[in-house]
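For reference, the structure discussed in these notes is given below.
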Amino acid sequence: MACFYELDNQLLIHPEDCIDCTACVAVCPVEAIYAEASVPAEYQASIEFNAVQARRVKDSGQDAIVKKKDPLPTAEKRKAELGY
């Protein structure tokens, strides 16, 4: 099931739609996705934000992302800033 939604140049994972397969963890180009049990302490506060916003975006009628999109124009600069 599709569980990724987009919000202002940010991806959200809908917590009820995600089947916890962790396939996205390994393919994230900036290692920004964690298995639920492995979310670092500094990102724990983002779990609730992600859940609330993903539900809001889905409930507004926005479709889930179902195919790979081109990177944002700022992606390479951001990856360099993060050391990737």
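Scheme for the structure tokens: letters A, B, ... for chains in order shown; per-chain residue numbers from 1; ligand numbers from 1 in order shown.
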Exercise for review: Just the residues within 12 Å of Ala75 of chain A, please, counting only C-alpha atoms, with nothing from its chain fewer than 3 positions along; format it as number ranges by chain.
Suggested key: A: 9-10, 29-30, 70-72, 78-82, 84
Exercise for review: as a list in words, list the residues of chain A assigned to strand (DSSP E or B) by DSSP on the backbone atoms of this structure.
Suggested key: Phe4, Tyr5, Glu6, Leu7, Gln10, Leu11, Leu12 and Ile13 of chain A
Selection above as a file: N, CA and C atoms, as a PDB file, in the first residue's frame:
```pdb
ATOM      1  N   PHE A   4       3.530   7.077   1.376  1.00  0.00           N
ATOM      2  CA  PHE A   4       4.294   8.317   1.350  1.00  0.00           C
ATOM      3  C   PHE A   4       3.442   9.467   0.811  1.00  0.00           C
ATOM      4  N   TYR A   5       3.510  10.578   1.500  1.00  0.00           N
ATOM      5  CA  TYR A   5       2.818  11.803   1.095  1.00  0.00           C
ATOM      6  C   TYR A   5       3.825  12.942   1.124  1.00  0.00           C
ATOM      7  N   GLU A   6       3.512  14.008   0.398  1.00  0.00           N
ATOM      8  CA  GLU A   6       4.426  15.135   0.302  1.00  0.00           C
ATOM      9  C   GLU A   6       3.816  16.363   0.956  1.00  0.00           C
ATOM     10  N   LEU A   7       4.652  17.053   1.713  1.00  0.00           N
ATOM     11  CA  LEU A   7       4.249  18.281   2.389  1.00  0.00           C
ATOM     12  C   LEU A   7       5.387  19.276   2.282  1.00  0.00           C
ATOM     13  N   GLN A  10       8.781  17.979   1.805  1.00  0.00           N
ATOM     14  CA  GLN A  10       9.105  17.017   2.849  1.00  0.00           C
ATOM     15  C   GLN A  10       8.239  15.786   2.628  1.00  0.00           C
ATOM     16  N   LEU A  11       8.809  14.621   2.812  1.00  0.00           N
ATOM     17  CA  LEU A  11       8.023  13.403   2.710  1.00  0.00           C
ATOM     18  C   LEU A  11       7.490  13.018   4.077  1.00  0.00           C
ATOM     19  N   LEU A  12       6.301  12.490   4.066  1.00  0.00           N
ATOM     20  CA  LEU A  12       5.660  12.000   5.281  1.00  0.00           C
ATOM     21  C   LEU A  12       5.304  10.543   5.056  1.00  0.00           C
ATOM     22  N   ILE A  13       5.345   9.757   6.114  1.00  0.00           N
ATOM     23  CA  ILE A  13       4.943   8.357   6.038  1.00  0.00           C
ATOM     24  C   ILE A  13       3.688   8.191   6.881  1.00  0.00           C
TER      25      ILE A  13
END
```
Check your understanding: as an NGL selection string, which residues of chain A does DSSP assign to helix (DSSP H, G or I)?
Key -> :A and (23-27 or 36-38 or 41-59 or 75-82)
At a cut-off of 12 Å, can you tabulate as JSON lines every residue of segment 9-29 of chain A near segment 34-43 of chain A together with its closest atom pair and the distance in Å to one decimal, using only C-alpha atoms and ordering rows by chain then number?
```
{"residue": "A:Ile13", "atom": "CA", "partner": "A:Tyr34", "partner_atom": "CA", "distance": 11.0}
{"residue": "A:Pro15", "atom": "CA", "partner": "A:Glu36", "partner_atom": "CA", "distance": 9.8}
{"residue": "A:Cys18", "atom": "CA", "partner": "A:Glu36", "partner_atom": "CA", "distance": 10.6}
{"residue": "A:Ile19", "atom": "CA", "partner": "A:Ala35", "partner_atom": "CA", "distance": 11.0}
{"residue": "A:Asp20", "atom": "CA", "partner": "A:Ala35", "partner_atom": "CA", "distance": 7.4}
{"residue": "A:Cys21", "atom": "CA", "partner": "A:Ala35", "partner_atom": "CA", "distance": 8.7}
{"residue": "A:Thr22", "atom": "CA", "partner": "A:Ala35", "partner_atom": "CA", "distance": 6.1}
{"residue": "A:Ala23", "atom": "CA", "partner": "A:Ala35", "partner_atom": "CA", "distance": 9.5}
{"residue": "A:Cys24", "atom": "CA", "partner": "A:Tyr34", "partner_atom": "CA", "distance": 8.6}
{"residue": "A:Val25", "atom": "CA", "partner": "A:Tyr34", "partner_atom": "CA", "distance": 5.8}
{"residue": "A:Ala26", "atom": "CA", "partner": "A:Tyr34", "partner_atom": "CA", "distance": 9.0}
{"residue": "A:Val27", "atom": "CA", "partner": "A:Tyr34", "partner_atom": "CA", "distance": 11.0}
{"residue": "A:Cys28", "atom": "CA", "partner": "A:Tyr34", "partner_atom": "CA", "distance": 9.5}
```
Exercise for review: Compare A:Asn50, A:Ile33, A:Val66, A:Gly61 by their minimum atom-to-atom distance to Cys3 of chain A, counting only C-alpha atoms, and give me the closest one.
Suggested key: A:Val66
Review point. Distance atom CA of Ala2 of chain A-atom CA of Pro73 of chain A, one decimal place?
Key: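 Atom-to-atom, atom CA of Ala2 of chain A and atom CA of Pro73 of chain A are spaced 24.3 Å apart.
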